[in-house]
$ cat start_12.cif   # mmCIF, C-alpha atoms
data_protein
#
loop_
_atom_site.group_PDB
_atom_site.id
_atom_site.type_symbol
_atom_site.label_atom_id
_atom_site.label_comp_id
_atom_site.auth_asym_id
_atom_site.auth_seq_id
_atom_site.Cartn_x
_atom_site.Cartn_y
_atom_site.Cartn_z
ATOM 1 C CA MET M 1 0.719 -27.500 23.564
ATOM 2 C CA LYS M 2 -0.781 -28.191 20.119
ATOM 3 C CA SER M 3 -2.801 -24.958 20.100
ATOM 4 C CA LEU M 4 0.303 -22.919 20.982
ATOM 5 C CA LEU M 5 2.239 -24.633 18.192
ATOM 6 C CA ARG M 6 -0.387 -23.632 15.659
ATOM 7 C CA ARG M 7 -0.284 -20.042 16.888
ATOM 8 C CA GLN M 8 3.466 -19.806 16.303
ATOM 9 C CA SER M 9 3.428 -20.623 12.583
ATOM 10 C CA THR M 10 5.526 -18.676 10.097
ATOM 11 C CA LEU M 11 6.631 -18.663 6.491
ATOM 12 C CA HIS M 12 10.022 -17.389 7.625
ATOM 13 C CA PRO M 13 11.405 -19.593 10.430
ATOM 14 C CA GLU M 14 14.879 -18.244 9.649
ATOM 15 C CA GLN M 15 13.951 -15.025 11.451
ATOM 16 C CA TRP M 16 14.126 -16.958 14.719
ATOM 17 C CA ASP M 17 17.561 -18.337 13.735
ATOM 18 C CA LYS M 18 18.973 -14.805 13.265
ATOM 19 C CA ASP M 19 17.912 -13.820 16.791
ATOM 20 C CA PRO M 20 17.452 -17.029 18.826
ATOM 21 C CA LYS M 21 16.117 -15.118 21.841
ATOM 22 C CA ALA M 22 13.412 -13.415 19.737
ATOM 23 C CA PHE M 23 11.166 -16.484 19.809
ATOM 24 C CA GLY M 24 11.561 -16.689 23.585
ATOM 25 C CA ARG M 25 10.509 -13.026 23.869
ATOM 26 C CA ALA M 26 7.457 -13.741 21.685
ATOM 27 C CA VAL M 27 6.492 -16.715 23.879
ATOM 28 C CA LYS M 28 7.020 -14.626 27.024
ATOM 29 C CA GLY M 29 4.828 -11.865 25.574
ATOM 30 C CA THR M 30 2.103 -14.362 24.720
ATOM 31 C CA MET M 31 2.293 -15.722 28.265
ATOM 32 C CA LYS M 32 1.755 -12.193 29.664
ATOM 33 C CA ASN M 33 -1.207 -11.483 27.417
ATOM 34 C CA PRO M 34 -2.574 -14.864 26.242
ATOM 35 C CA PRO M 35 -5.424 -15.321 23.767
ATOM 36 C CA ALA M 36 -8.873 -16.117 25.183
ATOM 37 C CA GLY M 37 -8.561 -19.905 24.992
ATOM 38 C CA MET M 38 -5.157 -19.936 26.680
ATOM 39 C CA ARG M 39 -5.666 -17.794 29.814
ATOM 40 C CA TRP M 40 -4.030 -20.566 31.850
ATOM 41 C CA MET M 41 -0.658 -19.392 30.484
ATOM 42 C CA LYS M 42 -0.742 -16.427 32.894
ATOM 43 C CA PHE M 43 -0.082 -18.875 35.716
ATOM 44 C CA ILE M 44 3.217 -20.109 34.267
ATOM 45 C CA PRO M 45 6.190 -18.200 35.701
ATOM 46 C CA PRO M 46 7.874 -16.099 32.959
ATOM 47 C CA VAL M 47 11.217 -17.754 33.743
ATOM 48 C CA PHE M 48 9.915 -20.837 31.882
ATOM 49 C CA SER M 49 9.356 -18.966 28.592
ATOM 50 C CA GLY M 50 12.798 -19.971 27.261
ATOM 51 C CA ILE M 51 12.163 -23.645 28.025
ATOM 52 C CA ILE M 52 8.745 -23.493 26.356
ATOM 53 C CA ALA M 53 10.251 -21.732 23.314
ATOM 54 C CA SER M 54 12.927 -24.443 23.018
ATOM 55 C CA PHE M 55 10.273 -27.162 23.250
ATOM 56 C CA LEU M 56 8.210 -25.496 20.489
ATOM 57 C CA VAL M 57 11.208 -25.075 18.188
ATOM 58 C CA LYS M 58 12.179 -28.745 18.598
ATOM 59 C CA GLY M 59 8.626 -29.780 17.706
ATOM 60 C CA LYS M 60 8.436 -27.689 14.544
ATOM 61 C CA LYS M 61 7.010 -29.167 11.371
ATOM 62 C CA GLN M 62 7.238 -28.047 7.788
ATOM 63 C CA VAL M 63 3.949 -27.904 5.887
ATOM 64 C CA HIS M 64 3.669 -27.433 2.121
ATOM 65 C CA CYS M 65 0.587 -25.792 0.674
ATOM 66 C CA ARG M 66 -0.606 -24.090 -2.486
ATOM 67 C CA LEU M 67 -0.354 -20.297 -2.397
ATOM 68 C CA ARG M 68 -2.380 -17.837 -4.445
ATOM 69 C CA THR M 69 -2.296 -14.082 -4.785
ATOM 70 C CA LEU M 70 -5.026 -12.031 -3.211
ATOM 71 C CA SER M 71 -5.921 -10.598 -6.626
ATOM 72 C CA SER M 72 -6.479 -14.109 -8.014
ATOM 73 C CA VAL M 73 -8.990 -14.775 -5.205
ATOM 74 C CA ILE M 74 -10.670 -11.391 -5.789
ATOM 75 C CA ALA M 75 -11.025 -12.227 -9.507
ATOM 76 C CA GLU M 76 -12.256 -15.776 -8.923
ATOM 77 C CA HIS M 77 -15.028 -14.589 -6.592
ATOM 78 C CA ASN M 78 -15.824 -11.346 -8.478
ATOM 79 C CA VAL M 79 -15.228 -9.262 -5.338
ATOM 80 C CA GLU M 80 -16.109 -5.634 -6.005
ATOM 81 C CA LYS M 81 -15.541 -4.142 -2.544
ATOM 82 C CA ILE M 82 -13.550 -5.095 0.559
ATOM 83 C CA ASP M 83 -14.622 -3.156 3.657
ATOM 84 C CA LEU M 84 -11.856 -4.579 5.862
ATOM 85 C CA LEU M 85 -8.888 -6.669 4.776
ATOM 86 C CA LYS M 86 -6.982 -8.363 7.582
ATOM 87 C CA ILE M 87 -3.497 -9.657 6.820
ATOM 88 C CA ASP M 88 -1.907 -11.793 9.529
ATOM 89 C CA CYS M 89 0.406 -14.263 7.836
ATOM 90 C CA GLU M 90 3.352 -14.527 10.223
ATOM 91 C CA GLY M 91 6.050 -12.676 8.333
ATOM 92 C CA ALA M 92 4.748 -12.986 4.776
ATOM 93 C CA GLU M 93 2.747 -9.748 4.788
ATOM 94 C CA TRP M 94 4.967 -8.068 2.181
ATOM 95 C CA GLN M 95 4.428 -10.969 -0.239
ATOM 96 C CA VAL M 96 0.654 -10.766 0.296
ATOM 97 C CA LEU M 97 0.663 -7.021 -0.406
ATOM 98 C CA GLN M 98 2.714 -7.606 -3.565
ATOM 99 C CA GLY M 99 -0.019 -10.004 -4.706
ATOM 100 C CA ILE M 100 -2.565 -7.170 -4.943
ATOM 101 C CA GLU M 101 -2.759 -5.909 -8.527
ATOM 102 C CA ALA M 102 -3.068 -2.166 -9.216
ATOM 103 C CA HIS M 103 -6.741 -2.369 -10.236
ATOM 104 C CA ASP M 104 -7.707 -4.111 -6.953
ATOM 105 C CA TRP M 105 -6.267 -1.585 -4.486
ATOM 106 C CA SER M 106 -9.218 0.812 -4.858
ATOM 107 C CA LYS M 107 -11.599 -1.995 -3.791
ATOM 108 C CA ILE M 108 -9.989 -2.105 -0.330
ATOM 109 C CA LYS M 109 -11.490 0.475 2.071
ATOM 110 C CA SER M 110 -9.543 -0.365 5.235
ATOM 111 C CA MET M 111 -6.829 -2.770 6.359
ATOM 112 C CA VAL M 112 -5.393 -4.329 9.504
ATOM 113 C CA ILE M 113 -1.946 -5.802 8.942
ATOM 114 C CA GLU M 114 0.361 -7.593 11.361
ATOM 115 C CA VAL M 115 3.793 -6.442 10.230
ATOM 116 C CA HIS M 116 7.020 -8.111 11.298
ATOM 117 C CA ASN M 117 9.416 -5.162 11.265
ATOM 118 C CA VAL M 118 12.452 -6.915 9.827
ATOM 119 C CA ASN M 119 14.866 -5.030 7.553
ATOM 120 C CA GLY M 120 12.726 -1.870 7.569
ATOM 121 C CA ARG M 121 9.540 -3.636 6.479
ATOM 122 C CA LEU M 122 7.306 -1.458 8.687
ATOM 123 C CA ALA M 123 8.368 1.721 6.850
ATOM 124 C CA GLU M 124 7.976 -0.044 3.483
ATOM 125 C CA VAL M 125 4.439 -1.172 4.301
ATOM 126 C CA GLU M 126 3.424 2.283 5.557
ATOM 127 C CA SER M 127 4.897 3.905 2.429
ATOM 128 C CA LEU M 128 3.098 1.429 0.143
ATOM 129 C CA LEU M 129 -0.219 2.097 1.893
ATOM 130 C CA ARG M 130 0.205 5.867 1.498
ATOM 131 C CA ASP M 131 1.052 5.382 -2.190
ATOM 132 C CA LYS M 132 -2.132 3.307 -2.611
ATOM 133 C CA GLY M 133 -4.342 6.059 -1.150
ATOM 134 C CA PHE M 134 -4.657 5.225 2.532
ATOM 135 C CA THR M 135 -4.732 8.511 4.446
ATOM 136 C CA LYS M 136 -4.943 7.395 8.073
ATOM 137 C CA ILE M 137 -2.296 4.888 9.146
ATOM 138 C CA VAL M 138 -1.852 3.918 12.797
ATOM 139 C CA ASP M 139 0.926 1.688 14.193
ATOM 140 C CA GLU M 140 0.054 -0.150 17.402
ATOM 141 C CA ARG M 141 2.059 -2.606 19.499
ATOM 142 C CA GLU M 142 0.155 -5.465 21.090
ATOM 143 C CA LYS M 143 0.352 -5.682 24.853
ATOM 144 C CA GLY M 144 2.964 -8.244 25.840
ATOM 145 C CA LEU M 145 4.698 -8.175 22.444
ATOM 146 C CA GLU M 146 6.474 -4.830 22.797
ATOM 147 C CA ASP M 147 9.868 -6.594 22.852
ATOM 148 C CA THR M 148 9.253 -8.305 19.516
ATOM 149 C CA VAL M 149 9.336 -7.163 15.871
ATOM 150 C CA MET M 150 5.541 -7.371 15.600
ATOM 151 C CA HIS M 151 3.419 -4.289 14.873
ATOM 152 C CA ASN M 152 -0.251 -3.930 13.973
ATOM 153 C CA ILE M 153 -0.998 -1.383 11.245
ATOM 154 C CA PHE M 154 -4.503 0.033 10.855
ATOM 155 C CA ALA M 155 -5.097 1.850 7.557
ATOM 156 C CA ILE M 156 -8.177 3.698 6.305
ATOM 157 C CA ARG M 157 -8.853 5.546 3.060
#

$ encode --input "start_12.cif" --output "structure tokens"
Amino acid sequence: MKSLLRRQSTLHPEQWDKDPKAFGRAVKGTMKNPPAGMRWMKFIPPVFSGIIASFLVKGKKQVHCRLRTLSSVIAEHNVEKIDLLKIDCEGAEWQVLQGIEAHDWSKIKSMVIEVHNVNGRLAEVESLLRDKGFTKIVDEREKGLEDTVMHNIFAIR
């Protein structure tokens, strides 16, 4: 179960508290369409997803780490161009986007962002991307996670 625990990390665990069944739906979706190293999950009957979700929540751990803005990393490494920026930070995508300074946006040519659509965040992210010059924005739902708040946004200049 350790690998599944790592895959369910988040900066905002309170989102699961607001909708206790949401985490169960996410686990059930992952069981339907598991990542490559966890194909064995397909053999677990979906009725057990709630039990697995409860087990994972009880085993949660809080980890403290140093956070930096994306622009500080770009400056430190003198990055002049980013062909593809992937943001998958389990609910903290808005904070990551806010950490991109105005002069760095033009360096980013395309993006893939996992957006947790809580409190209208999906519309906010799409609006921000349009404002920053991205002309093609596609919203896609991952197979098995259609009943969750998770969306994948693909954006190209």

$ axis_aligned_box --input "start_12.cif" --around "range 87-97 of chain M" --padding-each-side "3 Å" --output "JSON"
{"center_x": 1.3, "center_y": -10.8, "center_z": 4.9, "size_x": 15.5, "size_y": 13.5, "size_z": 16.6}

$ resolve_selection --input "start_12.cif" --expression "the PyMOL selection byres ((chain M and resi 84) around 8)" --output "list in words"
Ile82, Asp83, Leu85, Lys86, Ile108, Lys109, Ser110, Met111 and Val112 of chain M

$ residues_around --input "start_12.cif" --residues "range 34-49 of chain M" --least-positions-apart "2" --cutoff "10 Å" --atoms "all atoms listed in the file" --output "ChimeraX atom specification"
/M:3-4,7,23-32,51-55,143-144

$ resolve_selection --input "start_12.cif" --expression "the PyMOL selection byres ((chain M and resi 128) around 12)" --output "ChimeraX atom specification"
/M:94,97-98,100,102,105,121-127,129-135,137,155

$ atom_distance --input "start_12.cif" --atom1 "CA of Lys21 in chain M" --atom2 "CA of Leu56 in chain M"
13.1 Å

$ closest_residue --input "start_12.cif" --among "M:Ala75, M:Ile113, M:Val63, M:Val138" --to "Met150 in chain M" --atoms "all atoms listed in the file"
M:Ile113

$ atom_distance --input "start_12.cif" --atom1 "CA of Arg157 in chain M" --atom2 "CA of Glu142 in chain M"
23.0 Å

$ closest_residue --input "start_12.cif" --among "M:Gly50, M:Cys89, M:His151, M:Gly99" --to "Thr69 in chain M" --atoms "only C-alpha atoms"
M:Gly99

$ atom_distance --input "start_12.cif" --atom1 "CA of Val79 in chain M" --atom2 "CA of Lys107 in chain M"
8.3 Å

$ closest_residue --input "start_12.cif" --among "M:Lys58, M:Lys81, M:His116, M:Glu101" --to "Asp147 in chain M" --atoms "only C-alpha atoms"
M:His116

$ closest_residue --input "start_12.cif" --among "M:Val96, M:Gly91, M:Glu140, M:Val149" --to "Arg68 in chain M" --atoms "all atoms listed in the file"
M:Val96

$ closest_residue --input "start_12.cif" --among "M:Glu80, M:Ser72, M:Asn33, M:Lys61" --to "Ser106 in chain M" --atoms "all atoms listed in the file"
M:Glu80
